[in-house]
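Structure file my_file15.cif with mmCIF, C-alpha atoms and all ligand atoms:
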data_query
loop_
_atom_site.label_atom_id
_atom_site.label_comp_id
_atom_site.auth_asym_id
_atom_site.auth_seq_id
_atom_site.Cartn_x
_atom_site.Cartn_y
_atom_site.Cartn_z
CA MET H 36 -29.29 -22.39 5.13
CA GLU H 37 -25.80 -23.81 4.87
CA ARG H 38 -26.90 -26.55 2.52
CA TYR H 39 -28.56 -24.01 0.33
CA LEU H 40 -25.38 -21.97 0.24
CA ARG H 41 -23.21 -24.96 -0.59
CA LYS H 42 -25.51 -25.90 -3.41
CA LYS H 43 -25.41 -22.43 -4.74
CA LEU H 44 -21.64 -22.11 -4.43
CA SER H 45 -20.79 -25.46 -6.00
CA GLY H 46 -22.48 -24.31 -9.15
CA GLY H 47 -21.16 -20.81 -8.92
CA ALA H 48 -17.89 -19.02 -9.33
CA PHE H 49 -16.77 -18.97 -5.72
CA ILE H 50 -15.57 -22.53 -5.60
CA ASN H 51 -12.39 -21.89 -7.55
CA VAL H 52 -11.07 -18.96 -5.58
CA PRO H 53 -7.54 -19.96 -4.52
CA VAL H 54 -6.81 -20.05 -0.82
CA SER H 55 -4.29 -17.23 -0.89
CA ARG H 56 -6.77 -15.09 -2.72
CA SER H 57 -9.69 -15.78 -0.46
CA ARG H 58 -7.43 -15.06 2.47
CA ALA H 59 -6.49 -11.78 0.94
CA MET H 60 -10.12 -11.07 0.33
CA ALA H 61 -10.92 -11.81 3.92
CA ARG H 62 -8.20 -9.41 4.90
CA ILE H 63 -9.72 -6.56 2.99
CA ARG H 64 -13.23 -7.14 4.16
CA GLY H 65 -14.49 -4.53 6.51
CA LYS H 66 -13.07 -1.21 7.40
CA GLY H 67 -11.03 1.21 5.43
CA ASN H 68 -11.77 0.13 1.88
CA HIS H 69 -12.76 3.57 0.76
CA THR H 70 -9.49 5.14 1.86
CA THR H 71 -6.75 5.59 -0.71
CA GLU H 72 -4.75 2.80 0.84
CA GLY H 73 -7.87 0.65 0.93
CA ARG H 74 -8.40 1.18 -2.76
CA LEU H 75 -4.89 0.02 -3.50
CA ARG H 76 -5.43 -2.99 -1.28
CA PHE H 77 -8.52 -3.88 -3.20
CA ALA H 78 -6.80 -3.39 -6.54
CA LEU H 79 -3.96 -5.70 -5.49
CA VAL H 80 -6.41 -8.43 -4.61
CA GLN H 81 -8.23 -7.96 -7.88
CA ALA H 82 -4.96 -8.22 -9.77
CA GLY H 83 -4.19 -11.44 -7.92
CA ILE H 84 -1.12 -9.97 -6.21
CA SER H 85 -0.63 -11.67 -2.87
CA GLY H 86 2.13 -12.20 -0.35
CA TRP H 87 2.00 -8.75 1.17
CA CYS H 88 1.08 -7.54 4.60
CA LEU H 89 -0.02 -4.23 5.99
CA HIS H 90 2.02 -2.11 8.36
CA ALA H 91 4.79 -4.62 8.92
CA SER H 92 6.89 -3.94 11.99
CA LEU H 93 9.75 -2.41 10.04
CA ALA H 94 11.11 1.11 10.05
CA GLY H 95 8.28 3.49 9.25
CA ARG H 96 5.69 0.70 9.27
CA PRO H 97 5.34 0.51 5.49
CA ASP H 98 1.76 0.59 4.26
CA PHE H 99 2.50 -2.53 2.24
CA TYR H 100 5.33 -4.97 2.62
CA PHE H 101 5.92 -7.66 -0.01
CA LYS H 102 7.82 -10.22 1.97
CA ASN H 103 8.90 -12.48 -0.88
CA HIS H 104 10.30 -9.53 -2.74
CA ASP H 105 11.76 -7.53 0.12
CA LEU H 106 9.82 -4.52 -1.06
CA ALA H 107 8.34 -1.86 1.17
CA LEU H 108 5.71 0.41 -0.28
CA PHE H 109 4.56 3.65 1.27
CA VAL H 110 1.52 5.60 0.24
CA ASP H 111 2.40 9.20 1.00
CA GLY H 112 -0.41 11.58 1.80
CA CYS H 113 -0.07 14.64 -0.41
CA PHE H 114 -0.67 17.05 2.41
CA TRP H 115 1.47 15.41 5.07
CA HIS H 116 4.41 14.83 2.79
CA GLY H 117 4.18 18.04 0.80
CA CYS H 118 3.42 16.76 -2.68
CA SER H 119 4.58 19.39 -5.14
CA ARG H 120 1.57 18.87 -7.37
CA CYS H 121 -1.23 19.14 -4.90
CA GLY H 122 0.13 19.56 -1.39
CA HIS H 123 -0.79 22.95 -0.11
CA ILE H 124 0.30 24.64 3.06
CA PRO H 125 -2.48 26.28 5.07
CA ARG H 126 -2.24 30.04 5.20
CA THR H 127 -2.79 30.21 8.90
CA ASN H 128 0.11 28.94 10.95
CA ARG H 129 2.07 28.57 7.78
CA ALA H 130 5.46 28.22 9.46
CA PHE H 131 4.12 25.57 11.77
CA TRP H 132 2.78 23.46 8.92
CA GLN H 133 5.86 23.96 6.83
CA ALA H 134 8.04 22.71 9.65
CA LYS H 135 5.76 19.80 10.33
CA ILE H 136 5.70 18.65 6.72
CA GLU H 137 9.45 19.03 6.48
CA ARG H 138 9.86 16.88 9.59
CA ASN H 139 7.67 14.20 8.00
CA ARG H 140 9.84 14.22 4.91
CA VAL H 141 13.07 14.01 6.85
CA ARG H 142 11.72 11.16 8.94
CA ALA H 143 10.57 9.27 5.85
CA ARG H 144 14.01 9.59 4.29
CA ARG H 145 15.57 8.24 7.47
CA TRP H 146 13.26 5.22 7.38
CA ASP H 147 14.08 4.67 3.72
CA ARG H 148 17.78 4.59 4.47
CA LYS H 149 17.26 2.20 7.33
CA LEU H 150 15.20 -0.17 5.21
CA ARG H 151 17.69 -0.05 2.35
CA ARG H 152 20.48 -0.92 4.71
CA GLN H 153 18.49 -4.07 5.51
CA GLY H 154 18.35 -4.91 1.81
CA ILE H 155 14.76 -3.85 1.44
CA MET H 156 13.71 -1.97 -1.66
CA VAL H 157 11.64 1.10 -0.95
CA ARG H 158 9.00 2.71 -3.11
CA HIS H 159 6.75 5.68 -2.42
CA ILE H 160 3.50 6.42 -4.16
CA TRP H 161 1.71 9.71 -3.84
CA GLU H 162 -1.87 9.59 -2.76
CA CYS H 163 -2.82 11.61 -5.87
CA GLN H 164 -1.15 9.09 -8.18
CA LEU H 165 -3.39 6.42 -6.72
CA LYS H 166 -6.46 8.55 -7.13
CA LYS H 167 -5.60 9.52 -10.66
CA ASP H 168 -4.41 6.25 -12.12
CA LEU H 169 -4.74 3.29 -9.84
CA LYS H 170 -4.52 0.85 -12.71
CA ARG H 171 -1.18 2.17 -13.85
CA VAL H 172 0.21 2.03 -10.33
CA VAL H 173 -0.79 -1.62 -10.05
CA THR H 174 0.68 -2.49 -13.45
CA ARG H 175 3.99 -0.89 -12.58
CA LEU H 176 4.03 -2.63 -9.28
CA GLU H 177 3.41 -5.97 -10.97
CA LEU H 178 6.40 -5.41 -13.23
CA LEU H 179 8.55 -4.42 -10.32
CA LEU H 180 7.59 -7.52 -8.35
CA LYS H 181 8.21 -9.77 -11.32
CA GLY H 182 11.72 -8.46 -11.66
CA ARG H 183 12.44 -8.83 -8.02
CA HIS H 184 11.37 -12.26 -6.97
CA MET H 185 13.72 -13.59 -4.35
CA PRO H 186 15.08 -17.07 -5.01
CA HIS H 187 14.47 -18.17 -1.43
CA ALA H 188 10.79 -17.36 -1.69
CA ALA H 189 8.30 -20.13 -2.14
ZN ZN R 201 -0.25 14.84 -4.78
#

With the file now loaded, output its structure as structure tokens.
Ligand SMILES: [Zn+2]
Amino acid sequence: MERYLRKKLSGGAFINVPVSRSRAMARIRGKGNHTTEGRLRFALVQAGISGWCLHASLAGRPDFYFKNHDLALFVDGCFWHGCSRCGHIPRTNRAFWQAKIERNRVRARRWDRKLRRQGIMVRHIWECQLKKDLKRVVTRLELLLKGRHMPHAA
């Protein structure tokens, strides 16, 4: 079986996948790929963007952290963070939800400040932006990373 696979792969396209990329692909295998965050993860790999990790142990546990660029990226859920375009507040227990969402926003701002004090750049993307135009999000991110490559990074 293995010999068959090797034979097949040596003639196929898999042989030239760079290590960093195949590692990133291994990382995305499995659970969560159909979530919004999972879709972004997949798009990053497809675009060949590597050097990030998920939920780094920094303030707020950023969804993505680009170590070589000192960039923390959060994907904000439209409901939980009160997106003005599509976040809605349930009619029942309205005050409760309003307060909860406001608390989330305040907490996120506190994390942002903390990260910035550590020299980390912070970006937030709304869940709906990802759903609507994932390609554009990735392109903008690529530009941002290009302009912010740290000299000490490999
Ligand atoms: Zn939204």

At most 12 Å from (8.7, 11.0, 8.7), file frame, all atoms listed in the file: which residues, as a PyMOL selection string? chain H and resi 94-97+109+111-112+115-117+134-148

Chain H residues near ligand ZN 201 (chain R) within 8 Å, closest pair each, using all atoms listed in the file, as a tab-separated table:
residue	atom	partner	partner_atom	distance
H:Gly112	CA	R:ZN201	ZN	7.3
H:Cys113	CA	R:ZN201	ZN	4.4
H:Phe114	CA	R:ZN201	ZN	7.5
H:Gly117	CA	R:ZN201	ZN	7.8
H:Cys118	CA	R:ZN201	ZN	4.6
H:Ser119	CA	R:ZN201	ZN	6.6
H:Arg120	CA	R:ZN201	ZN	5.1
H:Cys121	CA	R:ZN201	ZN	4.4
H:Gly122	CA	R:ZN201	ZN	5.8
H:Trp161	CA	R:ZN201	ZN	5.6
H:Glu162	CA	R:ZN201	ZN	5.9
H:Cys163	CA	R:ZN201	ZN	4.3
H:Gln164	CA	R:ZN201	ZN	6.7

At a cut-off of 9 Å, using only C-alpha atoms, what residues contact Lys170 of chain H? Leave out same-chain residues fewer than 5 positions from it and give the result as a PDB file with C-alpha atoms, keeping the file's coordinate frame.
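After the write, out_15.pdb holds the following:
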ATOM      1  CA  ALA H  78      -6.800  -3.390  -6.540  1.00  0.00           C
ATOM      2  CA  LEU H 165      -3.390   6.420  -6.720  1.00  0.00           C
ATOM      3  CA  ARG H 175       3.990  -0.890 -12.580  1.00  0.00           C
TER       4      ARG H 175
END

Using all atoms listed in the file, what residues lie at most 6 Å away from (6.8, 5.7, -1.2) (file coordinates), given as an MDAnalysis selection string? chainID H and resid 108:110 158:160
